[in-house]
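Peer 1: The structure is given below, and queries will be raised subsequently.
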Amino acid sequence: MKKTEQAAYLVLENGKVFQGKRFGAAGDVTGEIVFTTAMTGYLETLTDPSYYGQIVVQTFPLIGNYGVIPSDFESAAPALKAYIVREWCQEPSNFRSEGALGAFLESAGVVGLYGIDTRALTRIIREYGVMNARIASSKEEAVACASALGEYKVENAVRAVTCPRPVPPAGEGLRRVVLWDFGAKANIRRELEKRGCAVTTVPAGTTAEEIAGMAPDGVMLSNGPGDPAENTAIIEELRRLCGYKIPLFGICLGHQLLALAQGAKTVKLKYGHRGANQPVRDTETGRVYITSQNHGYAVVADSLPANARLSFVNANDGTSEGIAYSDMPAFSVQFHPEACGGPLDTGFLFDRFVEAVDRHKAR
């Protein structure tokens with residue numbers, strides 16, 4: 001049975017106000033508003049820890065049509081602040097569905113808004129850039145709080161989403177890999193396990209010495225939320241870990257942290273890259289791949305040290321999408337080769353990492 005529609009208001013930092021209808025959890029909330037252009041995978045979006053502290057707008061108009069499928073989750077619970085869609089499907093139909101989207105958001109404490117003109121909202125974010133926003137119960141409250149929205153900042157994001165303690169391997173494998181969890185998507189671990197890796201996940205606060213003491217054959221640096229430069233302690237530990245010459249593979253935030261550990265710089269993008277249709281070009285072959293992405297920061301290509309080579313660039317705006325290092329068995333990418341949801345074009349990068357691990361083991 002459909003719930004009684006309750007009006008709510010979205011106010012942007014620039015003063016724009018949108019009226020919508022509530023679904024999911026009750027309450028008012030403030031966050032950084034971003035949009036994703038993915039046409040599928042709303043469950044993966046909702047459970048991606050990289051959205052910590054953010055209000056997420058889906059540009060695809062109809063959301064919720066295949067319900068809630070827990071086996072598709074990328075983490076145990078959503079980390080985002082709120083969720084905005086054009087049309088909310090209240091009667092899902094899918095043989096794998098185990099519930100409806102509204103009930104899931106309510107149980108997870110995530111505020112939802114539907115009936116919003118997401119096309120107009122997205123155009124504003126593209127024009128003005130990512131900004132803060134608030135969902136309020138009345139228009140008067142929304143307008144009154146607009147001037148103070150600039151004070152909100154996503155902070156301590158990695159600490160909020162990393163695992164609280166090490167997670168041992170789910171089974172045996174030919175290769176011992178440590179997954180350094182900065183907010184890891186579950187499919188990263190699954191892709192490694194499919195390739196014969198016994199994966200131990202460790203919290204973000206783990207030291208380089210502790211990781212090296214586990215005698216891993218390789219280390220995966222996961223995705224995660226927030227400003228990469230904020231993680232000064234992790235960056236210092238990663239710099240130390242590089243000295244052990246263990247094969248490293250970084251994804252998204254892991255890519256940025258590895259670059260920072262090597263002396264490069266990062267910059268916040270105007271509205272980021274979020275979606276499953278981002279083109280990247282291999283700088284050696286010229287081949288273009290379609291990728292899944294979710295990030296608001298990028299490595300500054302001109303800041304790369306002498307031991308780093310730009311391996312992929314974004315075909316739309318030319319920003320850094322991949323780095324290979326010459327003095328250690330390490331490489332990283334800004335996009336998501338585990339692509340869940342999204343295209344499978346770049347899954348071969350996990351094979352490349354496993355090959356580096358095997359060369360290291362054979363020494």
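A note on labels: chains of the structure tokens are A, B, ... as shown, every chain counts residues from 1, and ligands are counted from 1 in their shown order.
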Taking only region 225-345 of chain A into account, list the residues labelled strand (DSSP E) by DSSP (computed from the backbone), as a count of residues only.
Peer 2: 50
Peer 1: Under the rule of at most 8 Å, produce a per-residue listing of region 270-301 of chain A near region 322-346 of chain A: chain, number, name, the closest pair of atoms, and the distance in Å, as CSV, using only C-alpha atoms.
Peer 2:
residue,atom,partner,partner_atom,distance
A:Ala276,CA,A:Gly342,CA,4.8
A:Asn277,CA,A:Gly342,CA,7.6
A:Tyr289,CA,A:Asp345,CA,6.0
A:Ile290,CA,A:Asp345,CA,6.4
A:Thr291,CA,A:Pro343,CA,6.0
A:Ser292,CA,A:Gly342,CA,5.3
A:Gln293,CA,A:Phe335,CA,4.8
A:Asn294,CA,A:Phe335,CA,7.4
A:His295,CA,A:Gln334,CA,8.0
A:Ala298,CA,A:Gln334,CA,7.8
Peer 1: Which distance in Å separates CA of Gly109 (chain A) and CA of Ala26 (chain A), to one decimal?
Peer 2: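 Computing the Euclidean distance for CA of Gly109 (chain A) and CA of Ala26 (chain A) yields 7.8 Å.
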Peer 1: If I take CA of Val154 (chain A) and CA of Ala184 (chain A), how far is one from the other in Å, to one decimal?
Peer 2: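 Between CA of Val154 (chain A) and CA of Ala184 (chain A) the gap works out to 17.9 Å.
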Peer 1: Which residue, A:His255, A:Arg22, A:Arg119, A:Arg96, has the smallest gap to Ala82 (chain A) when you use only C-alpha atoms?
Peer 2: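 Among A:His255, A:Arg22, A:Arg119, A:Arg96, it is A:Arg22 that comes nearest to Ala82 (chain A).
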Peer 1: Which residue, A:Asn307, A:Gln6, A:Asn316, A:Thr118, has the smallest gap to Ser138 (chain A) when you use only C-alpha atoms?
Peer 2: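 Checking each of A:Asn307, A:Gln6, A:Asn316, A:Thr118 against Ser138 (chain A), counting only C-alpha atoms, the winner is A:Gln6.
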Peer 1: Need the shell around Ala264 (chain A): protein/DNA/RNA residues with any atom at most 7 Å away, counting only C-alpha atoms. Skip same-chain ones fewer than 3 positions apart. Format as a PyMOL selection string?
Peer 2: chain A and resi 259-260+303-305
Peer 1: Tell me which protein, DNA and RNA residues are within 7 Å of Val300 (chain A), counting only C-alpha atoms, leaving out same-chain ones fewer than 5 positions away, and put them as a ChimeraX atom specification.
Peer 2: /A:265-267,320
Peer 1: Given the selection you just returned, output its residues as a file containing all heavy atoms, formatted as a short mmCIF file (atom, residue, chain, number, x, y, z; two decimals), in the first residue's frame.
Peer 2:
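Okay, this is what ended up in part10.cif:
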data_model
loop_
_atom_site.label_atom_id
_atom_site.label_comp_id
_atom_site.auth_asym_id
_atom_site.auth_seq_id
_atom_site.Cartn_x
_atom_site.Cartn_y
_atom_site.Cartn_z
N LYS A 265 50.06 15.66 -6.30
CA LYS A 265 49.01 16.46 -5.68
C LYS A 265 47.65 16.04 -6.22
O LYS A 265 47.56 15.45 -7.29
CB LYS A 265 49.24 17.95 -5.94
CG LYS A 265 50.54 18.49 -5.36
CD LYS A 265 50.71 19.96 -5.71
CE LYS A 265 52.02 20.50 -5.13
NZ LYS A 265 52.22 21.94 -5.49
N THR A 266 46.61 16.36 -5.46
CA THR A 266 45.24 16.11 -5.91
C THR A 266 44.46 17.42 -5.91
O THR A 266 44.83 18.37 -5.23
CB THR A 266 44.53 15.09 -5.00
OG1 THR A 266 44.61 15.52 -3.64
CG2 THR A 266 45.14 13.71 -5.14
N VAL A 267 43.35 17.43 -6.67
CA VAL A 267 42.51 18.62 -6.79
C VAL A 267 41.05 18.20 -6.80
O VAL A 267 40.71 17.11 -7.30
CB VAL A 267 42.87 19.41 -8.08
CG1 VAL A 267 42.57 18.59 -9.33
CG2 VAL A 267 42.14 20.74 -8.13
N SER A 320 43.57 12.81 -15.04
CA SER A 320 44.31 11.57 -14.79
C SER A 320 43.37 10.43 -14.42
O SER A 320 42.51 10.58 -13.56
CB SER A 320 45.32 11.81 -13.66
OG SER A 320 45.87 10.58 -13.22
#
Peer 1: Would you pick out the contacts of Lys268 (chain A) at 9 Å or less, using only C-alpha atoms, so that residues sharing its chain but fewer than 2 positions from it are not included, and give the list as an MDAnalysis selection string?
Peer 2: chainID A and resid 227 266 270:272 296:298
Peer 1: Which residues of region 232-337 of chain A sit at most 12 Å from region 210-216 of chain A, using only C-alpha atoms? Give each one's shortest atom pair and distance in Å (one decimal place), in chain and ascending residue order, as a Markdown table.
Peer 2:
| residue | atom | partner | partner_atom | distance |
| --- | --- | --- | --- | --- |
| A:Glu237 | CA | A:Ile211 | CA | 9.9 |
| A:Leu238 | CA | A:Ile211 | CA | 10.1 |
| A:Arg240 | CA | A:Ala212 | CA | 10.0 |
| A:Leu241 | CA | A:Ala212 | CA | 7.4 |
| A:Cys242 | CA | A:Ala212 | CA | 10.2 |
| A:Gly243 | CA | A:Ala212 | CA | 10.2 |
| A:Tyr244 | CA | A:Ala212 | CA | 7.4 |
| A:Lys245 | CA | A:Ala212 | CA | 10.0 |
| A:Ile246 | CA | A:Pro216 | CA | 7.7 |
| A:Pro247 | CA | A:Pro216 | CA | 9.1 |
| A:Leu248 | CA | A:Pro216 | CA | 10.5 |
Peer 1: Which distance in Å separates CA of Ile63 (chain A) and CA of Arg274 (chain A), to one decimal?
Peer 2: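 CA of Arg274 (chain A) lies 16.5 Å from CA of Ile63 (chain A).
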Peer 1: Could you give me, as a ChimeraX atom specification, the residues within 10 Å of Lys16 (chain A), counting only C-alpha atoms and dropping anything in the same chain fewer than 3 positions from it?
Peer 2: /A:10-13,121,124,133,142-143,146
Peer 1: If you run DSSP over the backbone, which residues in region 16-113 of chain A end up helix (DSSP H, G or I)? Put them as a PDB file with N, CA and C atoms, in the first residue's frame.
Peer 2:
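The new file result23.pdb reads:
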ATOM      1  N   TYR A  42      21.375   0.826  -8.964  1.00  0.00           N
ATOM      2  CA  TYR A  42      21.076   1.756  -7.867  1.00  0.00           C
ATOM      3  C   TYR A  42      21.368   1.145  -6.500  1.00  0.00           C
ATOM      4  N   LEU A  43      21.277  -0.174  -6.378  1.00  0.00           N
ATOM      5  CA  LEU A  43      21.607  -0.803  -5.094  1.00  0.00           C
ATOM      6  C   LEU A  43      23.096  -0.698  -4.794  1.00  0.00           C
ATOM      7  N   GLU A  44      23.926  -0.877  -5.821  1.00  0.00           N
ATOM      8  CA  GLU A  44      25.360  -0.725  -5.650  1.00  0.00           C
ATOM      9  C   GLU A  44      25.713   0.730  -5.312  1.00  0.00           C
ATOM     10  N   THR A  45      25.009   1.670  -5.938  1.00  0.00           N
ATOM     11  CA  THR A  45      25.218   3.079  -5.618  1.00  0.00           C
ATOM     12  C   THR A  45      24.871   3.363  -4.160  1.00  0.00           C
ATOM     13  N   LEU A  46      23.721   2.882  -3.731  1.00  0.00           N
ATOM     14  CA  LEU A  46      23.268   3.139  -2.366  1.00  0.00           C
ATOM     15  C   LEU A  46      24.212   2.557  -1.311  1.00  0.00           C
ATOM     16  N   PRO A  49      30.459   2.769  -0.157  1.00  0.00           N
ATOM     17  CA  PRO A  49      30.947   3.635   0.926  1.00  0.00           C
ATOM     18  C   PRO A  49      31.534   4.955   0.438  1.00  0.00           C
ATOM     19  N   SER A  50      31.889   5.043  -0.845  1.00  0.00           N
ATOM     20  CA  SER A  50      32.480   6.275  -1.374  1.00  0.00           C
ATOM     21  C   SER A  50      31.509   7.449  -1.351  1.00  0.00           C
ATOM     22  N   TYR A  51      30.202   7.186  -1.152  1.00  0.00           N
ATOM     23  CA  TYR A  51      29.216   8.268  -1.091  1.00  0.00           C
ATOM     24  C   TYR A  51      29.008   8.785   0.332  1.00  0.00           C
ATOM     25  N   PRO A  70      19.854  -7.986  -1.612  1.00  0.00           N
ATOM     26  CA  PRO A  70      21.004  -7.884  -0.706  1.00  0.00           C
ATOM     27  C   PRO A  70      22.298  -8.472  -1.264  1.00  0.00           C
ATOM     28  N   SER A  71      22.218  -9.509  -2.088  1.00  0.00           N
ATOM     29  CA  SER A  71      23.443 -10.104  -2.625  1.00  0.00           C
ATOM     30  C   SER A  71      24.169  -9.176  -3.587  1.00  0.00           C
ATOM     31  N   ASP A  72      23.517  -8.079  -4.008  1.00  0.00           N
ATOM     32  CA  ASP A  72      24.149  -7.099  -4.883  1.00  0.00           C
ATOM     33  C   ASP A  72      24.771  -5.939  -4.109  1.00  0.00           C
ATOM     34  N   LEU A 101      12.303  -0.581  -2.268  1.00  0.00           N
ATOM     35  CA  LEU A 101      13.341   0.417  -2.010  1.00  0.00           C
ATOM     36  C   LEU A 101      12.990   1.334  -0.841  1.00  0.00           C
ATOM     37  N   GLY A 102      11.749   1.798  -0.785  1.00  0.00           N
ATOM     38  CA  GLY A 102      11.365   2.710   0.287  1.00  0.00           C
ATOM     39  C   GLY A 102      11.560   2.117   1.664  1.00  0.00           C
ATOM     40  N   ALA A 103      11.156   0.865   1.831  1.00  0.00           N
ATOM     41  CA  ALA A 103      11.306   0.186   3.120  1.00  0.00           C
ATOM     42  C   ALA A 103      12.783  -0.003   3.465  1.00  0.00           C
ATOM     43  N   PHE A 104      13.596  -0.294   2.459  1.00  0.00           N
ATOM     44  CA  PHE A 104      15.035  -0.457   2.696  1.00  0.00           C
ATOM     45  C   PHE A 104      15.662   0.848   3.179  1.00  0.00           C
ATOM     46  N   LEU A 105      15.352   1.961   2.502  1.00  0.00           N
ATOM     47  CA  LEU A 105      15.906   3.248   2.922  1.00  0.00           C
ATOM     48  C   LEU A 105      15.453   3.609   4.329  1.00  0.00           C
ATOM     49  N   GLU A 106      14.193   3.318   4.629  1.00  0.00           N
ATOM     50  CA  GLU A 106      13.669   3.620   5.963  1.00  0.00           C
ATOM     51  C   GLU A 106      14.421   2.832   7.035  1.00  0.00           C
ATOM     52  N   SER A 107      14.636   1.546   6.790  1.00  0.00           N
ATOM     53  CA  SER A 107      15.327   0.708   7.771  1.00  0.00           C
ATOM     54  C   SER A 107      16.794   1.109   7.918  1.00  0.00           C
ATOM     55  N   ALA A 108      17.383   1.668   6.835  1.00  0.00           N
ATOM     56  CA  ALA A 108      18.787   2.076   6.859  1.00  0.00           C
ATOM     57  C   ALA A 108      18.971   3.512   7.353  1.00  0.00           C
TER      58      ALA A 108
END
